[in-house]
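Report on one structure; see the data block that follows.
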Amino acid sequence: MYLCPEPKKLELKGGYYYFSVGEEPEIYEKVTPMLSHKESYRIIIDAKGVHIEGASNTGLYYARLTLKQIRMNYRGCLPYLYIYDEPEFSYRGFMIDSCRHFFTVDEIKKIIDGASLFKFNKFHFHLSDDQGFRVEIESYPLLTTVGSVRPSSDFGRGENDKNPYGGYYTKAELKEIVDYCGERFIEVIPEFDIPGHTSAVIAAYPELSCKGEKIEPKTTAGVFSDILCGGNSETLKMIKAVTDEMCEIFTGKYFHIGGDEAPKKNWNVCPVCKAKIEELSLKNSEELQGWLVNEVSLHLKKRCKKTICWNEAIKGGNVEHDSVTVAWWLDRTNATLNWANGGNPTIVESFTPYYADYPYGMHSLKSVYLYNPRKIKGLTSLGAASIVGVESPVWTEYIRDFKKLSQMCFPRWLAVADTGWNGNDNKNYPRFLKNVAFYCDILKEYGITCADESEWNILPHNKLSQMASFFGNVLSKDFVKQIL
Ligand code: ACM
Ligand code: ZN
């Protein structure tokens with residue numbers, strides 16, 4: 001039987017419960033709170049029918065989901081069995097960037113359908129970046145009228161486009177996505193990335209940058225020094241207004257405020273930023289970012305939200321420990337390692353191998369499957385215990401259409417889902433591959449095309465050539481060395 005993630009405990013009892021094709025089996029459901037974990041569940045199939053129990057409605061939902069997978073394996077009968085199951089991690093996430101390229105509500109729903117089949121429970125929606133701001137915001141309307149459209153696209157690799165490119169989600173559309181996820185026990189975590197990756201915001205409101213100059217949303221990939229002015233009180237006012245409107249749409253527990261790749265070139269010479277650093281007796285501009293994180297997360301806390309930020313946001317060392325969860329993607333300074341080892345909540349989104357926008361030659365299916373988020377070099381046992389979960393992001397500079405998006409994510413997200421649910425104790429790659437082959441066929445019915453099997457694990461000597469053709473000359477040699 002092909003199941004993914006595989007349940008913690010599965011005993012086949014021999015024999016089958018039969019029902020006529022076209023008829024439904026007898027299913028008895030109940031909630032049994034004494035099961036150990038909120039998401040845990042049990043399934044018993046015997047001569048009397050199917051009995052499913054969850055520790056809560058969430059557990060019951062996962063029981064139904066496993067039963068759905070079991071039923072995909074059989075027609076007209078179900079094997080007698082006993083299953084007990086519970087997840088290793090409470091945070092099992094996937095991220096889609098709809099800024100570099102925009103995906104419609106229907107496309108997003110298809111990916112959600114695919115991810116939900118494998119028990120992901122967090123959809124991190126990257127909605128603001130240099131190349132486009134994608135959420136309707138009434139109090140700052142230029143964010144979409146100006147900030148959602150870039151004049152052209154120049155991401156390289158021969159697919160440049162001289163035409164304007166834009167798109168945004170209305171509040172009603174976003175609520176539709178939140179509801180769609182809610183039915184699948186998935187929380188949508190919106191990201192408003194600040195203070196960096198904000199060229200589109202600055203295009204709309206140039207007065208919020210240090211220089212105050214008019215710019216356009218970016219047309220290329222990269223890290224840009226046009227960032228929001230950290231010392232300007234109007235910046236904080238805008239952030240609070242935008243997060244407030246987003247909190248009304250996104251009703252979950254977490255809110256992501258980005259914080260990655262925010263070069264301080266402008267902050268270091270801006271009189272307003274320098275004055276704020278002095279006023280607050282901060283040491284430097286990294287601490288100014290830390291102060292901003294604290295201010296925003298306090299604001300979010302009043303709206304009953306927990307803040308997530310990318311790991312660069314804690315570089316200053318002054319982010320309050322009880323207020324944020326750190327998304328660990330690339331820890332250049334050990335600040336994140338120390339954060340986790342200090343017992344602070346951390347989500348593992350390691351660039352290698354979890355970034356799903358990179359070719360399989362770099363982040364092979366096997367490497368994603370075998371990656372152990374609790375065994376990152378330097379993690380202590382407290383650090384390992386601070387890992388609340390895993391997430392695989394897909395950035396879309398080089399992903400222009402839905403088919404490509406599907407192929408980059410699937411089947412790698414089955415591997416992430418397996419680790420999210422089962423951890424790394426009982427990995428069996430050959431068995432996993434059989435499950436993957438089975439579900440790649442099922443995903444076709446969901447409108448999702450998986451990467452071809454020939455790509456899943458590229459041989460080492462083909463890696464560099466695949467990378468070269470994938471990236472062209474857009475990555476610096478230093479970066480390539482760092483990630484290989
Ligand atoms: C990131 O990849 N800049 C979070
Ligand atoms: Zn400034």
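By convention here, the chains of the structure tokens are called A, B, ... in the order presented, each chain's residues are numbered starting at 1, and ligands are numbered starting at 1 in the order presented.
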
Sort by chain and increasing residue number a table of all residues of chain A within 10 Å of ligand 2, each with its closest pair of atoms and their distance in Å to one decimal, counting only C-alpha atoms and all ligand atoms, and write it as a tab-separated table.
residue	atom	partner	partner_atom_place_in_ligand_line	distance
A:Leu208	CA	ligand 2	1 (Zn)	8.3
A:Ser209	CA	ligand 2	1 (Zn)	6.4
A:Cys210	CA	ligand 2	1 (Zn)	3.8
A:Lys211	CA	ligand 2	1 (Zn)	7.4
A:Gly212	CA	ligand 2	1 (Zn)	9.2
A:Ile227	CA	ligand 2	1 (Zn)	8.5
A:Leu228	CA	ligand 2	1 (Zn)	7.1
A:Cys229	CA	ligand 2	1 (Zn)	3.6
A:Gly230	CA	ligand 2	1 (Zn)	5.3
A:Gly231	CA	ligand 2	1 (Zn)	5.2
A:Asn232	CA	ligand 2	1 (Zn)	6.4
A:Thr235	CA	ligand 2	1 (Zn)	9.6
A:Lys264	CA	ligand 2	1 (Zn)	9.3
A:Lys265	CA	ligand 2	1 (Zn)	9.8
A:Asn266	CA	ligand 2	1 (Zn)	6.5
A:Trp267	CA	ligand 2	1 (Zn)	4.8
A:Asn268	CA	ligand 2	1 (Zn)	8.0
A:Val269	CA	ligand 2	1 (Zn)	7.8
A:Cys270	CA	ligand 2	1 (Zn)	4.6
A:Pro271	CA	ligand 2	1 (Zn)	6.6
A:Val272	CA	ligand 2	1 (Zn)	5.0
A:Cys273	CA	ligand 2	1 (Zn)	4.1
A:Lys274	CA	ligand 2	1 (Zn)	7.4
A:Ala275	CA	ligand 2	1 (Zn)	9.1
A:Lys276	CA	ligand 2	1 (Zn)	8.8
A:Ser285	CA	ligand 2	1 (Zn)	9.7

Within 7 Å of ligand 1, counting only C-alpha atoms and all ligand atoms, which protein or nucleic acid residues do you find, written as a CSV table (one decimal) with N, CA and C atoms, in the first residue's frame?
chain,number,residue,atom,x,y,z
A,260,ASP,N,14.5,39.6,5.4
A,260,ASP,CA,15.7,39.1,4.8
A,260,ASP,C,16.4,40.2,3.9
A,261,GLU,N,17.6,40.0,3.6
A,261,GLU,CA,18.3,40.7,2.6
A,261,GLU,C,18.0,42.2,2.6
A,310,TRP,N,12.5,36.2,8.6
A,310,TRP,CA,13.7,35.5,8.1
A,310,TRP,C,14.9,35.7,9.0
A,329,TRP,N,17.0,30.1,6.8
A,329,TRP,CA,17.2,29.7,5.4
A,329,TRP,C,18.7,29.7,5.1

Could the residues of stretch 60-102 of chain A that have an atom at most 6 Å from stretch 1-10 of chain A be listed as JSON lines, each with its closest atom pair and the distance in Å to one decimal, counting only C-alpha atoms and ordered by chain and ascending residue number?
{"residue": "A:Tyr82", "atom": "CA", "partner": "A:Leu10", "partner_atom": "CA", "distance": 5.8}
{"residue": "A:Ile83", "atom": "CA", "partner": "A:Leu10", "partner_atom": "CA", "distance": 4.6}
{"residue": "A:Tyr84", "atom": "CA", "partner": "A:Lys9", "partner_atom": "CA", "distance": 5.2}
{"residue": "A:Asp85", "atom": "CA", "partner": "A:Lys8", "partner_atom": "CA", "distance": 5.0}

For the selection just defined, write its residues with N, CA and C atoms to a file, as a tab-separated table (two decimals), in the first residue's frame.
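Result file selection-v8.tsv:
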chain	number	residue	atom	x	y	z
A	82	TYR	N	-4.67	-1.71	11.46
A	82	TYR	CA	-4.65	-0.78	12.60
A	82	TYR	C	-3.60	0.27	12.30
A	83	ILE	N	-3.99	1.53	12.43
A	83	ILE	CA	-3.01	2.62	12.24
A	83	ILE	C	-3.06	3.54	13.46
A	84	TYR	N	-1.89	3.85	13.98
A	84	TYR	CA	-1.80	4.97	14.93
A	84	TYR	C	-0.79	5.96	14.35
A	85	ASP	N	-1.13	7.23	14.40
A	85	ASP	CA	-0.26	8.20	13.73
A	85	ASP	C	-0.30	9.54	14.45

Any chance you could tabulate, as JSON lines, the residues of stretch 434-463 of chain A at most 7 Å from stretch 357-372 of chain A with each one's nearest atom pair and distance in Å to one decimal, using only C-alpha atoms, in chain and rising number order?
{"residue": "A:Glu455", "atom": "CA", "partner": "A:Tyr360", "partner_atom": "CA", "distance": 6.3}
{"residue": "A:Trp456", "atom": "CA", "partner": "A:Leu365", "partner_atom": "CA", "distance": 5.3}
{"residue": "A:Asn457", "atom": "CA", "partner": "A:Ser364", "partner_atom": "CA", "distance": 5.0}
{"residue": "A:Ile458", "atom": "CA", "partner": "A:Gly361", "partner_atom": "CA", "distance": 4.9}
{"residue": "A:Lys463", "atom": "CA", "partner": "A:Gly361", "partner_atom": "CA", "distance": 5.0}

Report task. Would you mind listing what lies within 9 Å of A:Tyr17 as a list in words, with only C-alpha atoms counted and same-chain residues fewer than 6 positions away left out? Result -> Pro25, Ile45, Asp46, Ala47, Lys48, Gly49, Val50, Gly76, Cys77, Leu78, Pro79 and Tyr80 of chain A

Any chance you could export the current selection's N, CA and C atoms as a short mmCIF file (atom, residue, chain, number, x, y, z; two decimals), in the first residue's frame?
data_model
loop_
_atom_site.label_atom_id
_atom_site.label_comp_id
_atom_site.auth_asym_id
_atom_site.auth_seq_id
_atom_site.Cartn_x
_atom_site.Cartn_y
_atom_site.Cartn_z
N PRO A 25 -18.10 2.54 2.05
CA PRO A 25 -17.92 1.68 3.23
C PRO A 25 -18.57 2.33 4.45
N ILE A 45 -9.67 -0.85 10.63
CA ILE A 45 -10.57 -1.41 9.63
C ILE A 45 -10.71 -2.90 9.95
N ASP A 46 -11.95 -3.30 10.18
CA ASP A 46 -12.20 -4.72 10.46
C ASP A 46 -13.51 -5.13 9.78
N ALA A 47 -14.00 -6.29 10.17
CA ALA A 47 -15.18 -6.83 9.48
C ALA A 47 -16.40 -5.91 9.61
N LYS A 48 -16.39 -5.07 10.64
CA LYS A 48 -17.56 -4.21 10.88
C LYS A 48 -17.50 -2.91 10.07
N GLY A 49 -16.32 -2.60 9.55
CA GLY A 49 -16.20 -1.35 8.78
C GLY A 49 -14.97 -0.57 9.18
N VAL A 50 -15.06 0.72 9.00
CA VAL A 50 -13.91 1.60 9.22
C VAL A 50 -14.19 2.47 10.44
N GLY A 76 -13.39 -1.28 -3.98
CA GLY A 76 -14.40 -2.25 -3.54
C GLY A 76 -14.02 -3.02 -2.29
N CYS A 77 -12.85 -2.77 -1.74
CA CYS A 77 -12.46 -3.44 -0.50
C CYS A 77 -11.42 -2.59 0.21
N LEU A 78 -11.25 -2.85 1.48
CA LEU A 78 -10.18 -2.18 2.25
C LEU A 78 -9.53 -3.23 3.13
N PRO A 79 -8.22 -3.17 3.31
CA PRO A 79 -7.56 -4.21 4.12
C PRO A 79 -7.85 -4.01 5.61
N TYR A 80 -8.02 -5.11 6.32
CA TYR A 80 -8.12 -5.00 7.78
C TYR A 80 -6.78 -4.43 8.27
#

Query raised in the report: How would you write, as a PyMOL selection string, the set of residues in stretch 119-185 of chain A that DSSP gives as strand (DSSP E)?
Result: chain A and resi 122-126+128-129+132-133+149-150+165-166

Write the selection just made, keeping all heavy atoms, as a compact mmCIF listing (two decimals), in the first residue's frame?
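Once written, result18.txt looks like this:
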# COMPACT_ATOMS: atom_id res chain seq x y z
N LYS A 122 0.75 24.48 6.89
CA LYS A 122 1.02 25.92 6.82
C LYS A 122 1.31 26.31 5.37
O LYS A 122 2.20 25.71 4.74
CB LYS A 122 2.25 26.31 7.66
CG LYS A 122 2.23 25.82 9.09
CD LYS A 122 1.28 26.61 9.97
CE LYS A 122 1.27 26.02 11.38
NZ LYS A 122 0.06 26.35 12.14
N PHE A 123 0.57 27.27 4.88
CA PHE A 123 0.85 27.83 3.56
C PHE A 123 1.35 29.25 3.76
O PHE A 123 0.59 30.15 4.14
CB PHE A 123 -0.42 27.81 2.69
CG PHE A 123 -0.34 28.64 1.43
CD1 PHE A 123 0.86 28.81 0.75
CD2 PHE A 123 -1.47 29.25 0.91
CE1 PHE A 123 0.94 29.58 -0.42
CE2 PHE A 123 -1.41 30.02 -0.25
CZ PHE A 123 -0.20 30.19 -0.90
N HIS A 124 2.65 29.43 3.57
CA HIS A 124 3.27 30.74 3.68
C HIS A 124 3.17 31.41 2.31
O HIS A 124 3.72 30.91 1.33
CB HIS A 124 4.72 30.52 4.15
CG HIS A 124 5.61 31.71 4.06
ND1 HIS A 124 6.97 31.64 4.25
CD2 HIS A 124 5.36 33.01 3.80
CE1 HIS A 124 7.51 32.83 4.12
NE2 HIS A 124 6.55 33.69 3.84
N PHE A 125 2.46 32.53 2.28
CA PHE A 125 2.16 33.19 1.01
C PHE A 125 3.00 34.46 0.94
O PHE A 125 2.77 35.42 1.69
CB PHE A 125 0.66 33.53 1.00
CG PHE A 125 0.03 33.63 -0.35
CD1 PHE A 125 -1.35 33.87 -0.46
CD2 PHE A 125 0.76 33.47 -1.53
CE1 PHE A 125 -1.97 33.95 -1.70
CE2 PHE A 125 0.14 33.56 -2.77
CZ PHE A 125 -1.21 33.80 -2.85
N HIS A 126 4.00 34.43 0.05
CA HIS A 126 4.94 35.56 -0.10
C HIS A 126 4.28 36.58 -1.03
O HIS A 126 4.24 36.37 -2.25
CB HIS A 126 6.26 35.05 -0.65
CG HIS A 126 7.32 36.09 -0.73
ND1 HIS A 126 8.00 36.56 0.37
CD2 HIS A 126 7.83 36.77 -1.78
CE1 HIS A 126 8.88 37.47 0.01
NE2 HIS A 126 8.78 37.63 -1.30
N SER A 128 4.71 40.20 -0.98
CA SER A 128 5.29 41.52 -1.29
C SER A 128 6.76 41.36 -1.57
O SER A 128 7.46 40.64 -0.84
CB SER A 128 5.07 42.49 -0.12
OG SER A 128 5.92 42.18 0.95
N ASP A 129 7.21 41.99 -2.63
CA ASP A 129 8.64 41.94 -2.95
C ASP A 129 8.98 43.07 -3.90
O ASP A 129 8.09 43.84 -4.30
CB ASP A 129 9.04 40.57 -3.52
CG ASP A 129 10.44 40.18 -3.03
OD1 ASP A 129 11.38 40.96 -3.23
OD2 ASP A 129 10.58 39.10 -2.44
N GLY A 132 6.89 43.38 -7.17
CA GLY A 132 5.43 43.53 -7.18
C GLY A 132 4.83 43.37 -5.80
O GLY A 132 5.24 42.49 -5.04
N PHE A 133 3.86 44.24 -5.50
CA PHE A 133 3.11 44.13 -4.25
C PHE A 133 1.74 43.56 -4.61
O PHE A 133 1.08 44.05 -5.52
CB PHE A 133 2.97 45.51 -3.59
CG PHE A 133 2.33 45.44 -2.23
CD1 PHE A 133 3.12 45.32 -1.10
CD2 PHE A 133 0.95 45.47 -2.10
CE1 PHE A 133 2.52 45.22 0.16
CE2 PHE A 133 0.36 45.36 -0.84
CZ PHE A 133 1.14 45.25 0.29
N VAL A 149 2.60 46.61 -10.47
CA VAL A 149 2.95 46.50 -11.90
C VAL A 149 4.40 46.92 -12.12
O VAL A 149 4.79 48.04 -11.77
CB VAL A 149 2.03 47.39 -12.77
CG1 VAL A 149 2.33 47.15 -14.25
CG2 VAL A 149 0.57 47.14 -12.47
N ARG A 150 5.20 46.03 -12.68
CA ARG A 150 6.56 46.42 -13.06
C ARG A 150 6.56 46.72 -14.55
O ARG A 150 5.77 46.13 -15.31
CB ARG A 150 7.58 45.36 -12.67
CG ARG A 150 7.36 44.00 -13.27
CD ARG A 150 8.48 43.02 -12.89
NE ARG A 150 8.26 41.70 -13.44
CZ ARG A 150 7.77 40.66 -12.77
NH1 ARG A 150 7.41 40.77 -11.51
NH2 ARG A 150 7.62 39.49 -13.37
N TYR A 165 4.18 43.96 -16.40
CA TYR A 165 3.71 42.70 -15.79
C TYR A 165 3.13 43.03 -14.43
O TYR A 165 3.78 43.70 -13.62
CB TYR A 165 4.89 41.74 -15.64
CG TYR A 165 4.50 40.38 -15.08
CD1 TYR A 165 4.28 39.30 -15.93
CD2 TYR A 165 4.36 40.19 -13.71
CE1 TYR A 165 3.92 38.06 -15.43
CE2 TYR A 165 4.00 38.95 -13.19
CZ TYR A 165 3.78 37.88 -14.06
OH TYR A 165 3.42 36.65 -13.55
N GLY A 166 1.92 42.58 -14.17
CA GLY A 166 1.32 42.92 -12.88
C GLY A 166 0.28 41.93 -12.44
O GLY A 166 0.04 40.91 -13.10

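Using only C-alpha atoms, the nearest neighbour of A:His37 within the list A:Leu12, A:Val436, A:Phe89, A:Arg374 is A:Phe89.
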
Residues within 9 Å of A:Leu142, please, as a compact mmCIF listing (two decimals) with C-alpha atoms, in the first residue's frame. Count only C-alpha atoms; anything in the same chain fewer than 5 positions from it doesn't count.
# COMPACT_ATOMS: atom_id res chain seq x y z
CA ILE A 137 -4.80 47.56 0.76
CA GLY A 147 3.28 48.79 -6.75
CA SER A 148 1.71 45.75 -8.36
CA VAL A 201 6.27 49.74 -1.89
CA ALA A 203 7.58 52.90 -6.07
CA ALA A 204 4.13 53.59 -4.64
CA TYR A 205 5.27 55.75 -1.71

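Considering the residues A:Pro206, A:Pro151, A:Leu337, A:Asn294 and counting only C-alpha atoms, A:Glu234 has its shortest atom-to-atom contact with A:Pro206.
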
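In this model, the gap between atom CA of A:Leu330 and atom CA of A:Val348 comes to 9.7 Å.
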
Report task. Can you pull out every residue within 8 Å of A:Thr419, counting only C-alpha atoms, but drop anything in the same chain fewer than 3 positions away, and send it as JSON, numbers by chain? Result -> {"A": [369, 372, 390, 415, 416, 422, 423, 424]}

**Report entry** Å distance separating atom CA of A:Gly383 from atom CA of A:Gly343, one decimal place
**Finding:** 5.8 Å

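By only C-alpha atoms, and with residues fewer than 4 positions from A:Ser153 along its chain excluded, the set lying at most 7 Å from it is Asn160, Asp161, Lys162, Thr219 and Thr220 of chain A.
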
How would the residues just picked look written out with C-alpha atoms as a PDB file, in the first residue's frame?
ATOM      1  CA  ASN A 160      12.793  38.719 -20.966  1.00  0.00           C
ATOM      2  CA  ASP A 161       9.600  40.590 -21.576  1.00  0.00           C
ATOM      3  CA  LYS A 162       9.338  44.221 -22.577  1.00  0.00           C
ATOM      4  CA  THR A 219      12.414  44.235 -13.249  1.00  0.00           C
ATOM      5  CA  THR A 220      15.378  41.997 -12.380  1.00  0.00           C
TER       6      THR A 220
END

**Report entry** Polymer residues at most 9 Å from A:Phe255, only C-alpha atoms, same-chain spacing of 4 or more positions, as a PyMOL selection string
**Finding:** chain A and resi 188-192+243+247+250+297+300+305-309
